[in-house]
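See structure below.
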Amino acid sequence: MTHRTVATLDTVRERGAVRAVVSQGIRGLSLPDGDGAWRGLDTDVARAVAAAALGDPAAVDWLPTDPGERLNRLVSGDADVATCNLSWTLGREAAQPVLFAGVTCYDGEGFLVRTADRITSPEQLAGHRVATQAGTTTAGNLAAWFGSRGLKVEPVAYATPAEALAGYADGSCAAYVLDRIALAGARATLPRPADHVVLEAAISREPMALAVRDDDPGWFRVCRWVLQFLVGAESAVQEEGDGGAARAAADRAGRHGPALGLDERWAHRVLDAVGTYGDVYARNLGPASGLDVGRGANALWSDGGLHYPLPLH
């Protein structure tokens, strides 16, 4: 007997597209390229869901949204998933009818500063103005971190990432505060990236996650296991040291497709669309991306990271 609800999956198929909330533009996570195609780790996750559910990774309607409205668009029914550097928190899941299907990327809030200012630690920013993005958890994180040390900064909230970066770049603020991975992307867009540095210290834990509404456990399972498959496929390649290991993992996961409302080829389509989690990370945040953000916490557990694949059998 199954208790699966497939209303969202059916609706997505009738529409012919997954509607995905993404950021308003963060390099490495979700940003349109020169041809208008959305690129980044978050957008590859959405493509993987579309590949599994619809057989077409391009069947995504992108919904760039400011932080304050991300979950509202999901809850209202305007979107099917939110994959937009959105941190998984108790407050968000308790206050809103949403569930987080899994962590897409582990991060923490940090600081982009000018090399010439010789700032090497967050404490040196006490008493200064710092640029933030409105609608995020940044102001609370700043108050908690600096307040616990008897220090204060002056957060200046901007409506969009572009405006916040501009507020920092024109000298109005001494630093730009955002998740460190997002800051690496912002730094790369500045005219002289070498004149700026992202501090090593992080003042918060930010597990960025894929979110769905809580009214459809079937759709939740589809999204959770697409994400878990990406990590599991990378783990299989590492463990078996075999180019065919990811395909074998897709075979194992594929057997459960019908119970999820999918077919037995869903995991193979995910591989064809975006590769493993390691491929997704390397393409969007690794050296070839121009950002060169080390795996760190985003490595597999066997390499000292936090990504621990759930069994696919």
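By convention in this document, the chains of the structure tokens carry letters A, B, ... by their order, each chain's residues are numbered from 1, and ligands are numbered from 1 in the order they are shown.
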
Fewer than 4 positions away in the same chain doesn't count, so skip those; otherwise give me all residues within 8 Å of Ser87 in chain A, counting only C-alpha atoms, as a ChimeraX atom specification. /A:206-209

With C-alpha atoms retained, could you export that selection as a PDB file, in the first residue's frame?
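Okay, result.pdb is ready:
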```pdb
ATOM      1  CA  GLU A 206      24.554  28.425   6.497  1.00  0.00           C
ATOM      2  CA  PRO A 207      23.399  25.036   5.175  1.00  0.00           C
ATOM      3  CA  MET A 208      21.855  26.109   1.880  1.00  0.00           C
ATOM      4  CA  ALA A 209      19.042  23.758   0.983  1.00  0.00           C
TER       5      ALA A 209
END
```

Excluding range 222-226 of chain A and any residue of its chain fewer than 6 positions from it, enumerate the residues within 7 Å of it, using only C-alpha atoms, and give them as a compact mmCIF listing (two decimals) with all heavy atoms, in the first residue's frame.
```txt
# COMPACT_ATOMS: atom_id res chain seq x y z
N ALA A 48 18.39 19.06 -12.50
CA ALA A 48 18.37 17.64 -12.15
C ALA A 48 16.96 17.19 -11.81
O ALA A 48 16.52 16.10 -12.21
CB ALA A 48 19.32 17.38 -10.98
N VAL A 49 16.22 18.02 -11.06
CA VAL A 49 14.83 17.69 -10.73
C VAL A 49 13.99 17.61 -12.00
O VAL A 49 13.19 16.68 -12.18
CB VAL A 49 14.25 18.73 -9.75
CG1 VAL A 49 12.74 18.51 -9.57
CG2 VAL A 49 14.96 18.65 -8.40
N ALA A 101 14.41 19.73 1.57
CA ALA A 101 14.62 18.38 1.05
C ALA A 101 16.07 17.91 1.15
O ALA A 101 16.35 16.74 0.88
CB ALA A 101 14.16 18.31 -0.41
N GLY A 102 16.98 18.79 1.53
CA GLY A 102 18.37 18.40 1.67
C GLY A 102 19.29 19.57 1.41
O GLY A 102 18.91 20.56 0.77
N LEU A 260 8.40 6.16 -6.64
CA LEU A 260 8.45 7.61 -6.47
C LEU A 260 7.55 8.34 -7.46
O LEU A 260 7.44 9.57 -7.41
CB LEU A 260 9.90 8.11 -6.67
CG LEU A 260 10.92 7.73 -5.61
CD1 LEU A 260 12.32 8.14 -6.07
CD2 LEU A 260 10.59 8.38 -4.28
```

Report as a tab-separated table: every residue of range 8-105 of chain A with an atom at most 10 Å from range 137-159 of chain A, its closest pair of atoms, and their distance in Å to one decimal, counting only C-alpha atoms, with rows sorted by chain and ascending residue number.
```
residue	atom	partner	partner_atom	distance
A:Asp66	CA	A:Ala159	CA	7.4
A:Pro67	CA	A:Ala159	CA	8.8
A:Gly68	CA	A:Ala159	CA	9.4
A:Leu86	CA	A:Thr137	CA	9.9
A:Ser87	CA	A:Thr137	CA	8.7
A:Thr89	CA	A:Thr137	CA	9.9
```

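Using only C-alpha atoms, the contacts of Arg129 in chain A at a cut-off of 10 Å, with sequence neighbours closer than 2 positions omitted, comprise Leu125, Ala126, Gly127, Ala131, Thr132, Lys152, Val153, Glu154, Pro155, Val156, Tyr168, Gly171, Ser172, Cys173, Ala174, Ala175 and Tyr176 of chain A.
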
Selection file, N, CA and C atoms, as a PDB file, in the first residue's frame:
```
ATOM      1  N   LEU A 125      36.283  45.248  11.936  1.00  0.00           N
ATOM      2  CA  LEU A 125      35.194  45.997  11.294  1.00  0.00           C
ATOM      3  C   LEU A 125      34.277  46.669  12.317  1.00  0.00           C
ATOM      4  N   ALA A 126      34.516  46.469  13.591  1.00  0.00           N
ATOM      5  CA  ALA A 126      33.676  47.084  14.627  1.00  0.00           C
ATOM      6  C   ALA A 126      33.618  48.595  14.432  1.00  0.00           C
ATOM      7  N   GLY A 127      32.391  49.124  14.495  1.00  0.00           N
ATOM      8  CA  GLY A 127      32.188  50.555  14.331  1.00  0.00           C
ATOM      9  C   GLY A 127      32.027  50.999  12.892  1.00  0.00           C
ATOM     10  N   ALA A 131      27.746  46.400   4.163  1.00  0.00           N
ATOM     11  CA  ALA A 131      26.640  46.202   3.221  1.00  0.00           C
ATOM     12  C   ALA A 131      26.028  44.827   3.402  1.00  0.00           C
ATOM     13  N   THR A 132      24.704  44.770   3.443  1.00  0.00           N
ATOM     14  CA  THR A 132      23.986  43.503   3.552  1.00  0.00           C
ATOM     15  C   THR A 132      22.849  43.500   2.544  1.00  0.00           C
ATOM     16  N   LYS A 152      29.999  46.238  17.873  1.00  0.00           N
ATOM     17  CA  LYS A 152      28.865  46.541  17.006  1.00  0.00           C
ATOM     18  C   LYS A 152      29.355  46.950  15.636  1.00  0.00           C
ATOM     19  N   VAL A 153      28.576  46.622  14.615  1.00  0.00           N
ATOM     20  CA  VAL A 153      28.762  47.175  13.281  1.00  0.00           C
ATOM     21  C   VAL A 153      27.436  47.793  12.869  1.00  0.00           C
ATOM     22  N   GLU A 154      27.456  48.567  11.801  1.00  0.00           N
ATOM     23  CA  GLU A 154      26.232  49.194  11.302  1.00  0.00           C
ATOM     24  C   GLU A 154      25.826  48.540   9.985  1.00  0.00           C
ATOM     25  N   PRO A 155      24.844  47.609  10.020  1.00  0.00           N
ATOM     26  CA  PRO A 155      24.407  46.989   8.767  1.00  0.00           C
ATOM     27  C   PRO A 155      23.645  47.999   7.905  1.00  0.00           C
ATOM     28  N   VAL A 156      23.954  48.007   6.620  1.00  0.00           N
ATOM     29  CA  VAL A 156      23.233  48.849   5.664  1.00  0.00           C
ATOM     30  C   VAL A 156      22.583  47.898   4.657  1.00  0.00           C
ATOM     31  N   TYR A 168      29.221  48.559  -1.403  1.00  0.00           N
ATOM     32  CA  TYR A 168      30.567  48.268  -0.918  1.00  0.00           C
ATOM     33  C   TYR A 168      31.623  48.823  -1.871  1.00  0.00           C
ATOM     34  N   GLY A 171      32.641  52.517  -1.804  1.00  0.00           N
ATOM     35  CA  GLY A 171      33.238  53.013  -0.574  1.00  0.00           C
ATOM     36  C   GLY A 171      32.252  53.400   0.508  1.00  0.00           C
ATOM     37  N   SER A 172      30.958  53.249   0.234  1.00  0.00           N
ATOM     38  CA  SER A 172      29.965  53.603   1.260  1.00  0.00           C
ATOM     39  C   SER A 172      30.058  52.681   2.468  1.00  0.00           C
ATOM     40  N   CYS A 173      30.516  51.451   2.247  1.00  0.00           N
ATOM     41  CA  CYS A 173      30.625  50.463   3.315  1.00  0.00           C
ATOM     42  C   CYS A 173      32.028  49.863   3.319  1.00  0.00           C
ATOM     43  N   ALA A 174      32.475  49.494   4.503  1.00  0.00           N
ATOM     44  CA  ALA A 174      33.820  48.940   4.638  1.00  0.00           C
ATOM     45  C   ALA A 174      33.887  47.477   4.239  1.00  0.00           C
ATOM     46  N   ALA A 175      32.730  46.807   4.194  1.00  0.00           N
ATOM     47  CA  ALA A 175      32.714  45.386   3.857  1.00  0.00           C
ATOM     48  C   ALA A 175      31.359  45.028   3.274  1.00  0.00           C
ATOM     49  N   TYR A 176      31.326  43.914   2.577  1.00  0.00           N
ATOM     50  CA  TYR A 176      30.088  43.331   2.079  1.00  0.00           C
ATOM     51  C   TYR A 176      29.943  42.001   2.792  1.00  0.00           C
TER      52      TYR A 176
END
```

Which of these, A:Gly305, A:Ala273, A:Ala202, A:Cys84, has the shortest distance to Glu123 in chain A once you count only C-alpha atoms? A:Ala202

Which is closer to Ala211 in chain A than all the others in A:Glu93, A:Asp33, A:Glu239, A:Glu264, using only C-alpha atoms?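 Using only C-alpha atoms, Ala211 in chain A sits closest to A:Glu93.
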
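Using only C-alpha atoms, the shortest contact distance between Ala20 in chain A and any of A:Ala53, A:Val81, A:Leu90, A:Thr8 is found at A:Val81.
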
Within 10 Å of Pro311 in chain A, counting only C-alpha atoms, which residues qualify if same-chain residues fewer than 2 places away don't, as an MDAnalysis selection string? chainID A and resid 228:229 232 249 252:253 308:309 313

Selection file, N, CA and C atoms, as a PDB file, in the first residue's frame:
```
ATOM      1  N   GLN A 228      19.988  13.488  -3.209  1.00  0.00           N
ATOM      2  CA  GLN A 228      20.798  12.425  -2.622  1.00  0.00           C
ATOM      3  C   GLN A 228      21.501  11.588  -3.688  1.00  0.00           C
ATOM      4  N   PHE A 229      20.848  11.421  -4.831  1.00  0.00           N
ATOM      5  CA  PHE A 229      21.491  10.657  -5.889  1.00  0.00           C
ATOM      6  C   PHE A 229      22.756  11.357  -6.386  1.00  0.00           C
ATOM      7  N   GLY A 232      25.312  10.527  -3.893  1.00  0.00           N
ATOM      8  CA  GLY A 232      25.586   9.096  -3.929  1.00  0.00           C
ATOM      9  C   GLY A 232      26.362   8.674  -5.154  1.00  0.00           C
ATOM     10  N   ALA A 249      25.281   3.147  -9.956  1.00  0.00           N
ATOM     11  CA  ALA A 249      24.480   3.791  -8.906  1.00  0.00           C
ATOM     12  C   ALA A 249      23.131   4.223  -9.466  1.00  0.00           C
ATOM     13  N   ARG A 252      20.865   1.263  -9.545  1.00  0.00           N
ATOM     14  CA  ARG A 252      20.331   0.922  -8.227  1.00  0.00           C
ATOM     15  C   ARG A 252      19.197   1.874  -7.843  1.00  0.00           C
ATOM     16  N   ALA A 253      19.440   3.173  -8.044  1.00  0.00           N
ATOM     17  CA  ALA A 253      18.417   4.151  -7.693  1.00  0.00           C
ATOM     18  C   ALA A 253      17.208   4.051  -8.611  1.00  0.00           C
ATOM     19  N   TYR A 308      27.275  13.225   3.206  1.00  0.00           N
ATOM     20  CA  TYR A 308      27.252  11.791   3.527  1.00  0.00           C
ATOM     21  C   TYR A 308      26.092  11.175   2.771  1.00  0.00           C
ATOM     22  N   PRO A 309      26.366  10.383   1.749  1.00  0.00           N
ATOM     23  CA  PRO A 309      25.273   9.878   0.900  1.00  0.00           C
ATOM     24  C   PRO A 309      24.406   8.837   1.600  1.00  0.00           C
ATOM     25  N   HIS A 313      20.201   1.704  -2.416  1.00  0.00           N
ATOM     26  CA  HIS A 313      19.639   0.383  -2.697  1.00  0.00           C
ATOM     27  C   HIS A 313      18.211   0.298  -2.176  1.00  0.00           C
TER      28      HIS A 313
END
```

Skip Asp117 in chain A itself and residues of its chain fewer than 2 positions away, then list as a PyMOL selection string all residues within 12 Å of it, counting only C-alpha atoms. chain A and resi 112-115+119-121+124-125+171+174-175+195-197

Close residues, Trp38 in chain A itself excluded, 10 Å, only C-alpha atoms, min 4 positions apart in chain, as a list in words: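 My reading of the contact set: Val22, Gly25, Arg27, Leu29, Ser30, Leu31, Pro32, Asp33, Gly34, Asp42, Thr43, Asp44, Val60 and Trp62 of chain A.
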
DSSP on the backbone, helix (DSSP H, G or I) only: what residues of range 51-293 of chain A does that give? Format it as a PyMOL selection string. chain A and resi 51-54+67-76+90-95+115-117+122-125+138-147+161-169+180-189+193-195+217-240+245-254+257-260+266-274+277-285+287-289

Could you pull out the residues in range 66-244 of chain A that DSSP calls strand (DSSP E) from the backbone, as a PyMOL selection string? chain A and resi 81-82+98-107+109-114+129-133+154-158+175-179+196-198+206-213

Those residues you just picked out, can you put them in a file as a short mmCIF file (atom, residue, chain, number, x, y, z; two decimals), in the first residue's frame with N, CA and C atoms?
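In the end it all went to out-v8.cif:
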```
data_model
loop_
_atom_site.label_atom_id
_atom_site.label_comp_id
_atom_site.auth_asym_id
_atom_site.auth_seq_id
_atom_site.Cartn_x
_atom_site.Cartn_y
_atom_site.Cartn_z
N VAL A 81 9.75 24.55 -6.46
CA VAL A 81 10.94 24.37 -5.63
C VAL A 81 11.59 25.74 -5.43
N ALA A 82 12.36 25.84 -4.35
CA ALA A 82 13.20 27.02 -4.13
C ALA A 82 14.63 26.53 -3.99
N VAL A 98 6.69 24.73 4.79
CA VAL A 98 7.72 24.28 3.85
C VAL A 98 8.55 23.18 4.51
N LEU A 99 9.20 22.40 3.67
CA LEU A 99 10.15 21.40 4.12
C LEU A 99 11.43 21.56 3.30
N PHE A 100 12.56 21.34 3.95
CA PHE A 100 13.83 21.38 3.23
C PHE A 100 14.22 19.95 2.86
N ALA A 101 14.41 19.73 1.57
CA ALA A 101 14.62 18.38 1.05
C ALA A 101 16.07 17.91 1.15
N GLY A 102 16.98 18.79 1.53
CA GLY A 102 18.37 18.40 1.67
C GLY A 102 19.29 19.57 1.41
N VAL A 103 20.51 19.46 1.91
CA VAL A 103 21.50 20.53 1.77
C VAL A 103 22.14 20.46 0.39
N THR A 104 22.12 21.59 -0.30
CA THR A 104 22.77 21.68 -1.61
C THR A 104 24.22 22.14 -1.47
N CYS A 105 24.49 22.95 -0.44
CA CYS A 105 25.83 23.52 -0.30
C CYS A 105 26.00 24.06 1.12
N TYR A 106 27.07 23.64 1.79
CA TYR A 106 27.36 24.16 3.13
C TYR A 106 28.19 25.43 3.02
N ASP A 107 27.81 26.44 3.79
CA ASP A 107 28.51 27.72 3.71
C ASP A 107 28.41 28.42 5.06
N GLU A 109 28.37 32.82 6.62
CA GLU A 109 28.48 34.24 6.24
C GLU A 109 29.88 34.77 6.56
N GLY A 110 30.39 35.55 5.63
CA GLY A 110 31.72 36.12 5.78
C GLY A 110 31.76 37.54 5.28
N PHE A 111 32.98 38.04 5.04
CA PHE A 111 33.18 39.45 4.73
C PHE A 111 34.08 39.62 3.52
N LEU A 112 33.65 40.45 2.59
CA LEU A 112 34.48 40.89 1.47
C LEU A 112 35.03 42.26 1.84
N VAL A 113 36.35 42.40 1.85
CA VAL A 113 36.99 43.66 2.26
C VAL A 113 38.06 44.05 1.25
N ARG A 114 38.50 45.30 1.34
CA ARG A 114 39.55 45.79 0.45
C ARG A 114 40.91 45.39 0.98
N ARG A 129 30.40 50.64 8.80
CA ARG A 129 29.20 50.28 8.03
C ARG A 129 29.52 49.07 7.15
N VAL A 130 28.59 48.12 7.10
CA VAL A 130 28.79 46.93 6.27
C VAL A 130 27.54 46.72 5.42
N ALA A 131 27.75 46.40 4.16
CA ALA A 131 26.64 46.20 3.22
C ALA A 131 26.03 44.83 3.40
N THR A 132 24.70 44.77 3.44
CA THR A 132 23.99 43.50 3.55
C THR A 132 22.85 43.50 2.54
N GLN A 133 22.26 42.32 2.34
CA GLN A 133 21.10 42.22 1.47
C GLN A 133 19.85 42.10 2.32
N GLU A 154 27.46 48.57 11.80
CA GLU A 154 26.23 49.19 11.30
C GLU A 154 25.83 48.54 9.99
N PRO A 155 24.84 47.61 10.02
CA PRO A 155 24.41 46.99 8.77
C PRO A 155 23.64 48.00 7.91
N VAL A 156 23.95 48.01 6.62
CA VAL A 156 23.23 48.85 5.66
C VAL A 156 22.58 47.90 4.66
N ALA A 157 21.25 47.82 4.69
CA ALA A 157 20.53 46.85 3.86
C ALA A 157 20.24 47.40 2.47
N TYR A 158 20.54 46.61 1.46
CA TYR A 158 20.24 46.94 0.07
C TYR A 158 19.25 45.92 -0.48
N ALA A 175 32.73 46.81 4.19
CA ALA A 175 32.71 45.39 3.86
C ALA A 175 31.36 45.03 3.27
N TYR A 176 31.33 43.91 2.58
CA TYR A 176 30.09 43.33 2.08
C TYR A 176 29.94 42.00 2.79
N VAL A 177 28.80 41.79 3.44
CA VAL A 177 28.57 40.58 4.23
C VAL A 177 27.56 39.70 3.52
N LEU A 178 27.94 38.45 3.29
CA LEU A 178 27.09 37.50 2.58
C LEU A 178 27.71 36.12 2.78
N ASP A 179 27.02 35.07 2.35
CA ASP A 179 27.63 33.74 2.39
C ASP A 179 28.95 33.77 1.63
N HIS A 196 40.58 42.97 -3.59
CA HIS A 196 39.60 42.59 -2.57
C HIS A 196 39.87 41.16 -2.13
N VAL A 197 39.47 40.84 -0.92
CA VAL A 197 39.68 39.50 -0.38
C VAL A 197 38.49 39.10 0.48
N VAL A 198 38.14 37.82 0.44
CA VAL A 198 37.12 37.27 1.33
C VAL A 198 37.83 36.74 2.56
N GLU A 206 25.61 28.22 7.49
CA GLU A 206 24.55 28.43 6.50
C GLU A 206 24.43 27.19 5.61
N PRO A 207 23.65 26.19 6.04
CA PRO A 207 23.40 25.04 5.17
C PRO A 207 22.35 25.40 4.13
N MET A 208 22.79 25.73 2.94
CA MET A 208 21.86 26.11 1.88
C MET A 208 21.14 24.86 1.38
N ALA A 209 19.82 24.97 1.23
CA ALA A 209 19.04 23.76 0.98
C ALA A 209 17.95 23.98 -0.05
N LEU A 210 17.48 22.85 -0.59
CA LEU A 210 16.38 22.82 -1.55
C LEU A 210 15.07 22.75 -0.77
N ALA A 211 14.15 23.68 -1.03
CA ALA A 211 12.90 23.75 -0.28
C ALA A 211 11.70 23.46 -1.17
N VAL A 212 10.68 22.81 -0.58
CA VAL A 212 9.41 22.56 -1.24
C VAL A 212 8.29 22.84 -0.23
N ARG A 213 7.05 22.90 -0.70
CA ARG A 213 5.92 23.02 0.23
C ARG A 213 5.75 21.72 1.01
#
```

Any idea what the distance is between CA of Gly304 in chain A and CA of Glu240 in chain A?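 Result for CA of Gly304 in chain A versus CA of Glu240 in chain A: 18.2 Å, one decimal.
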
Shell of 8 Å around Leu41 in chain A, only C-alpha atoms, local chain residues under 4 positions omitted, as a ChimeraX atom specification: /A:28-30,45,280-281,284-285

From the options A:Ala166, A:Ala79, A:Ile26, A:Ala245, which residue's atoms come nearest to Gly185 in chain A, counting only C-alpha atoms?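 Checking each of A:Ala166, A:Ala79, A:Ile26, A:Ala245 against Gly185 in chain A, counting only C-alpha atoms, the winner is A:Ile26.
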
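Residue nearest Arg247 in chain A within the list A:Glu69, A:Asp80, A:Asp272, A:Asp214: A:Asp272 [criterion: smallest interatomic distance, only C-alpha atoms].
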